[in-house]
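See below for the structure under consideration.
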There are 2 protein chains.
Amino acid sequence: MLSHTEENYLKALLKLSFQNEEKPEAGTNEMAAYLGVKPATATDMLKKLKEKELVTYKKYGKILLTELGRAKGIAILRKHRLWETFLYEKLDFSWDEVHEVAEQLEHIQSPKLVNKLEEFLDFPEFDPHGDPIPRANGELPTVDKVLLTDVKAGESCQVVAVKDTSTVFLQYLEKLQVTIGTLVKVMEVVDFDGSMNIQIASSDPRNVSMKFAESLFVKKKTSVTV
Amino acid sequence: MLSHTEENYLKALLKLSFQNEEKPEAGTNEMAAYLGVKPATATDMLKKLKEKELVTYKKYGKILLTELGRAKGIAILRKHRLWETFLYEKLDFSWDEVHEVAEQLEHIQSPKLVNKLEEFLDFPEFDPHGDPIPRANGELPTVDKVLLTDVKAGESCQVVAVKDTSTVFLQYLEKLQVTIGTLVKVMEVVDFDGSMNIQIASSDPRNVSMKFAESLFVKKKTSVTV
DNA sequence: TATAAAAGTTAGACTAGTCTAACAAATATA
DNA sequence: TATATTTGTTAGACTAGTCTAACTTTTATA
């Protein structure tokens, strides 16, 4: 049986691994910052998780989830996203209210509860944020990712991956404050050159080239009124 | 903000006060036994709750909830019983499975959640056990209590109070293992003398006199198939 | 009513999770 | 590559909640 705290560390590690698929390992400071604790605290907990064979860890090294740790993390993520869906769909919570409550609900221990909840919600594949809900067997529904060029004017989407991984492009993304997870709304598509006016997160719209739009994978968001 | 543990102490105290309406105060050992901790532990926590003005307590004295403490306790009970109702009504949990999970769910902090849940359940007044669900303002729906004589053959009920508080009667109840909360099913009513064959909890049916049945308040249970 | 039993408290210890401050290792850079 | 910076670890301390063992107060009873 894992404590809430242990569960939170596993979930954090899983989330961090998603942020960088090819390099799924994390550092102590990174973990600590993510969880809002001091690095010393994270070090202690990582030793403990290593004892329980939930992470691979050695002094001054990077941290990785073991198979077991990943499975536990996935189970928590599953609960989190199912609860978010419940709150949004059944209890009229708004898009931005669900997360905080789901952070609490995800720690409820009852295998029956999570499966019954899933059934009650009619086996949803994505949560209100458009993120995939892990299935009981741990599989993640694949995201229907498309290039930004395939998004039409008026539609919203979320950046899920980059096609072009060149330094110049990544630096450009950084300048634009675009990272994995950034929300983008296509305001207008210019037929002439294929460029787009897009709104990045909540900032002012700006124009990006067709080449740019061909280099970014996004997933379309079911339009959510926040 | 109260910890889960503090909340559990308040809930325990509230429950104990219900068990003895005229004498709603509890003792340290009683609390400890109820919560499954040692008396020394309860003493420490009671001091802490006193500091927070949630209970009235002094050394070697009895413990009582303050107005504030009672309100907090009622709020937890409200959540507990709403969640039980949710699990039973919406997620197909059985009568005996709901409690354990509700013990966890009752600690979720979100005023919006509890009120929305109540609305989603269509403002239920009683939980699957037939216990009243406190309303948002703290009021408890009154239980429709009747004398055992008013229960017909085939109906089930739960003991809620005694009309006759004489020692002989109470001792008789004790011998029969009847206390507040005991489930009773009326198997047969004998017209001749008004006596009844009743099944107490899950034990074998036995005959009780009309006088007995006139001395016990029960609430009828909506028939629940366990 | 004196004493035995029951009820309750105190003191000291332990664990989980956190912190700060000082230190050590790894990495980046001049 | 030598040094500065970043990253991570260790040691020691604190809080909440728990325990055991010894002690004190209250209550019941001989």
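Chain labels run A, B, ... following the order of the structure tokens; each chain numbers its residues from 1, and ligands are numbered from 1 in the order shown.
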query: With all C-alpha atoms paired in order, what RMSD does the least-squares fit of chain B onto chain A leave?
result: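 Overlaying the two chains on their C-alpha atoms yields 0.2 Å.
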message: Which of segment 95-215 of chain A end up as strand (DSSP E) when DSSP is run on this backbone - answer as a list in words?
response: Lys145, Val146, Leu147, Ser156, Cys157, Gln158, Val159, Val160, Ala161, Val162, Leu183, Val184, Lys185, Val186, Met187, Glu188, Val189, Met196, Asn197, Ile198, Gln199, Ile200, Arg206, Asn207 and Val208 of chain A
- prompt: What residues in chain A lie within 12 Å of chain B, counting only C-alpha atoms, written as number ranges by chain?
  reply: A: 83-84, 86-94, 97-121
message: At a cut-off of 9 Å, which residues of chain D touch chain A? Count only C-alpha atoms (C1' of nucleotides) and give the answer as a list in words.
response: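 That gives DT7, DG8, DT9 and DT10 of chain D for chain D.
Among the candidates B:Pro132, B:Ser203, B:Gln177, B:Met210, the residue lying nearest to Val190 of chain B is B:Met210 (atoms considered: only C-alpha atoms).
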message: Distance cut-off 12 Å, counting only C-alpha atoms (C1' of nucleotides) - which residues of chain C neighbour chain A? Return them as a ChimeraX atom specification.
response: /C:16-21,24-27
Residue selection dump (N, CA, C and O atoms (P, O5', C5', C4', C3', O3' and C1' of nucleotides)) as an mmCIF file, in the first residue's frame:
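What ended up in out_16.cif:
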data_model
loop_
_atom_site.group_PDB
_atom_site.id
_atom_site.type_symbol
_atom_site.label_atom_id
_atom_site.label_comp_id
_atom_site.auth_asym_id
_atom_site.auth_seq_id
_atom_site.Cartn_x
_atom_site.Cartn_y
_atom_site.Cartn_z
ATOM 1 P P DA C 16 8.233 4.909 8.146
ATOM 2 O "O5'" DA C 16 7.441 6.190 7.663
ATOM 3 C "C5'" DA C 16 6.021 6.245 7.783
ATOM 4 C "C4'" DA C 16 5.580 7.619 7.350
ATOM 5 C "C3'" DA C 16 6.247 8.101 6.057
ATOM 6 O "O3'" DA C 16 5.239 8.683 5.244
ATOM 7 C "C1'" DA C 16 6.671 9.639 7.811
ATOM 8 P P DG C 17 5.573 9.054 3.715
ATOM 9 O "O5'" DG C 17 5.903 10.607 3.839
ATOM 10 C "C5'" DG C 17 4.891 11.484 4.321
ATOM 11 C "C4'" DG C 17 5.505 12.827 4.634
ATOM 12 C "C3'" DG C 17 6.387 13.404 3.517
ATOM 13 O "O3'" DG C 17 5.836 14.645 3.108
ATOM 14 C "C1'" DG C 17 7.385 13.652 5.640
ATOM 15 P P DT C 18 6.317 15.390 1.802
ATOM 16 O "O5'" DT C 18 7.290 16.535 2.347
ATOM 17 C "C5'" DT C 18 6.740 17.693 2.956
ATOM 18 C "C4'" DT C 18 7.651 18.246 4.020
ATOM 19 C "C3'" DT C 18 8.918 18.939 3.555
ATOM 20 O "O3'" DT C 18 8.655 20.167 2.939
ATOM 21 C "C1'" DT C 18 9.160 17.875 5.691
ATOM 22 P P DC C 19 9.748 20.933 2.129
ATOM 23 O "O5'" DC C 19 10.667 21.604 3.273
ATOM 24 C "C5'" DC C 19 10.076 22.508 4.186
ATOM 25 C "C4'" DC C 19 11.057 22.824 5.303
ATOM 26 C "C3'" DC C 19 12.381 23.393 4.792
ATOM 27 O "O3'" DC C 19 12.339 24.802 4.863
ATOM 28 C "C1'" DC C 19 12.753 21.644 6.392
ATOM 29 P P DT C 20 13.462 25.663 4.131
ATOM 30 O "O5'" DT C 20 14.730 25.650 5.117
ATOM 31 C "C5'" DT C 20 14.607 26.001 6.494
ATOM 32 C "C4'" DT C 20 15.974 25.858 7.153
ATOM 33 C "C3'" DT C 20 17.111 26.573 6.409
ATOM 34 O "O3'" DT C 20 17.970 27.144 7.394
ATOM 35 C "C1'" DT C 20 17.616 24.273 6.576
ATOM 36 P P DA C 21 19.050 28.220 6.942
ATOM 37 O "O5'" DA C 21 20.409 27.408 7.143
ATOM 38 C "C5'" DA C 21 20.528 26.512 8.252
ATOM 39 C "C4'" DA C 21 21.835 25.763 8.145
ATOM 40 C "C3'" DA C 21 22.920 26.476 7.345
ATOM 41 O "O3'" DA C 21 24.176 26.140 7.922
ATOM 42 C "C1'" DA C 21 22.444 24.442 6.308
ATOM 43 P P DA C 24 32.522 17.399 1.941
ATOM 44 O "O5'" DA C 24 31.793 16.810 0.661
ATOM 45 C "C5'" DA C 24 30.864 15.741 0.816
ATOM 46 C "C4'" DA C 24 30.435 15.313 -0.567
ATOM 47 C "C3'" DA C 24 31.566 15.165 -1.564
ATOM 48 O "O3'" DA C 24 31.275 14.002 -2.308
ATOM 49 C "C1'" DA C 24 30.004 16.725 -2.391
ATOM 50 P P DA C 25 32.339 13.353 -3.311
ATOM 51 O "O5'" DA C 25 31.543 13.503 -4.672
ATOM 52 C "C5'" DA C 25 30.210 12.988 -4.749
ATOM 53 C "C4'" DA C 25 29.601 13.456 -6.027
ATOM 54 C "C3'" DA C 25 30.452 13.219 -7.263
ATOM 55 O "O3'" DA C 25 29.630 12.461 -8.125
ATOM 56 C "C1'" DA C 25 29.699 15.479 -7.186
ATOM 57 P P DA C 26 30.073 12.020 -9.595
ATOM 58 O "O5'" DA C 26 29.482 13.194 -10.478
ATOM 59 C "C5'" DA C 26 28.073 13.384 -10.496
ATOM 60 C "C4'" DA C 26 27.726 14.503 -11.439
ATOM 61 C "C3'" DA C 26 28.331 14.375 -12.836
ATOM 62 O "O3'" DA C 26 27.262 14.625 -13.711
ATOM 63 C "C1'" DA C 26 28.851 16.489 -11.916
ATOM 64 P P DT C 27 27.378 14.610 -15.307
ATOM 65 O "O5'" DT C 27 27.466 16.163 -15.622
ATOM 66 C "C5'" DT C 27 26.378 17.004 -15.212
ATOM 67 C "C4'" DT C 27 26.710 18.423 -15.605
ATOM 68 C "C3'" DT C 27 27.193 18.578 -17.040
ATOM 69 O "O3'" DT C 27 26.364 19.573 -17.602
ATOM 70 C "C1'" DT C 27 28.646 19.693 -15.553
#
message: Set the distance at 12 Å and use only C-alpha atoms (C1' of nucleotides): which residues neighbour DA28 of chain D once local chain neighbours fewer than 3 positions away are removed? I'd like the list as a PyMOL selection string.
response: chain C and resi 3-7
Residues of the last selection are to be written out with all heavy atoms, as a CSV table (one decimal), in the first residue's frame.
chain,number,residue,atom,x,y,z
C,3,DT,P,-7.6,1.1,53.6
C,3,DT,OP1,-6.9,0.1,54.4
C,3,DT,OP2,-7.0,2.5,53.3
C,3,DT,O5',-8.0,0.5,52.2
C,3,DT,C5',-8.8,-0.7,52.2
C,3,DT,C4',-9.2,-1.1,50.8
C,3,DT,O4',-10.2,-0.1,50.3
C,3,DT,C3',-8.0,-1.1,49.8
C,3,DT,O3',-8.3,-2.2,48.9
C,3,DT,C2',-8.2,0.2,49.0
C,3,DT,C1',-9.8,0.2,49.0
C,3,DT,N1,-10.4,1.5,48.6
C,3,DT,C2,-11.5,1.5,47.8
C,3,DT,O2,-12.0,0.5,47.4
C,3,DT,N3,-12.0,2.8,47.6
C,3,DT,C4,-11.6,4.0,48.0
C,3,DT,O4,-12.1,5.0,47.7
C,3,DT,C5,-10.4,3.9,48.9
C,3,DT,C7,-9.8,5.2,49.4
C,3,DT,C6,-9.8,2.7,49.1
C,4,DA,P,-7.0,-3.0,48.3
C,4,DA,OP1,-6.7,-4.1,49.2
C,4,DA,OP2,-6.0,-2.0,47.9
C,4,DA,O5',-7.8,-3.6,47.0
C,4,DA,C5',-9.1,-4.1,47.2
C,4,DA,C4',-9.8,-3.9,45.9
C,4,DA,O4',-10.3,-2.5,45.8
C,4,DA,C3',-9.0,-4.2,44.6
C,4,DA,O3',-9.8,-4.9,43.7
C,4,DA,C2',-8.7,-2.8,44.1
C,4,DA,C1',-9.9,-2.0,44.5
C,4,DA,N9,-9.6,-0.6,44.7
C,4,DA,C8,-8.6,0.0,45.4
C,4,DA,N7,-8.7,1.3,45.5
C,4,DA,C5,-9.8,1.6,44.8
C,4,DA,C6,-10.5,2.9,44.5
C,4,DA,N6,-10.0,4.0,44.9
C,4,DA,N1,-11.6,2.8,43.8
C,4,DA,C2,-12.1,1.6,43.4
C,4,DA,N3,-11.6,0.4,43.6
C,4,DA,C4,-10.4,0.5,44.3
C,5,DA,P,-9.3,-5.5,42.4
C,5,DA,OP1,-9.9,-6.8,42.2
C,5,DA,OP2,-7.9,-5.2,42.3
C,5,DA,O5',-10.1,-4.5,41.3
C,5,DA,C5',-11.5,-4.4,41.4
C,5,DA,C4',-11.9,-3.4,40.4
C,5,DA,O4',-11.5,-2.0,40.8
C,5,DA,C3',-11.3,-3.5,39.0
C,5,DA,O3',-12.4,-3.5,38.1
C,5,DA,C2',-10.4,-2.4,38.8
C,5,DA,C1',-11.0,-1.3,39.8
C,5,DA,N9,-10.1,-0.4,40.4
C,5,DA,C8,-8.8,-0.7,41.0
C,5,DA,N7,-8.2,0.4,41.5
C,5,DA,C5,-9.1,1.4,41.2
C,5,DA,C6,-9.1,2.8,41.5
C,5,DA,N6,-8.0,3.4,42.1
C,5,DA,N1,-10.1,3.6,41.0
C,5,DA,C2,-11.1,3.0,40.4
C,5,DA,N3,-11.3,1.7,40.1
C,5,DA,C4,-10.2,1.0,40.5
C,6,DA,P,-12.2,-3.6,36.5
C,6,DA,OP1,-13.3,-4.3,35.9
C,6,DA,OP2,-10.8,-3.9,36.2
C,6,DA,O5',-12.4,-2.0,36.1
C,6,DA,C5',-13.6,-1.3,36.5
C,6,DA,C4',-13.5,0.1,36.1
C,6,DA,O4',-12.5,0.8,36.8
C,6,DA,C3',-13.1,0.3,34.6
C,6,DA,O3',-14.1,1.1,34.1
C,6,DA,C2',-11.7,0.8,34.6
C,6,DA,C1',-11.7,1.6,36.0
C,6,DA,N9,-10.4,1.7,36.6
C,6,DA,C8,-9.5,0.7,36.8
C,6,DA,N7,-8.4,1.1,37.5
C,6,DA,C5,-8.6,2.4,37.7
C,6,DA,C6,-7.9,3.4,38.4
C,6,DA,N6,-6.7,3.2,39.0
C,6,DA,N1,-8.4,4.6,38.4
C,6,DA,C2,-9.6,4.9,37.9
C,6,DA,N3,-10.4,4.0,37.2
C,6,DA,C4,-9.9,2.8,37.2
C,7,DA,P,-14.1,1.7,32.6
C,7,DA,OP1,-15.5,2.0,32.2
C,7,DA,OP2,-13.2,0.8,31.8
C,7,DA,O5',-13.3,3.1,32.7
C,7,DA,C5',-13.9,4.1,33.5
C,7,DA,C4',-13.0,5.3,33.5
C,7,DA,O4',-11.8,5.0,34.2
C,7,DA,C3',-12.6,5.7,32.1
C,7,DA,O3',-13.0,7.0,31.9
C,7,DA,C2',-11.1,5.5,32.0
C,7,DA,C1',-10.7,5.6,33.5
C,7,DA,N9,-9.5,4.8,33.9
C,7,DA,C8,-9.3,3.5,33.6
C,7,DA,N7,-8.1,3.0,34.1
C,7,DA,C5,-7.6,4.2,34.8
C,7,DA,C6,-6.5,4.4,35.6
C,7,DA,N6,-5.6,3.4,35.8
C,7,DA,N1,-6.3,5.6,36.1
C,7,DA,C2,-7.2,6.5,35.9
C,7,DA,N3,-8.3,6.5,35.2
C,7,DA,C4,-8.5,5.2,34.7
query: Near Leu148 of chain A, within 10 Å and counting only C-alpha atoms (C1' of nucleotides), which residues show up once chain neighbours fewer than 5 positions away are dropped, as a ChimeraX atom specification?
result: /A:157-159,184,186,196,210,212-220
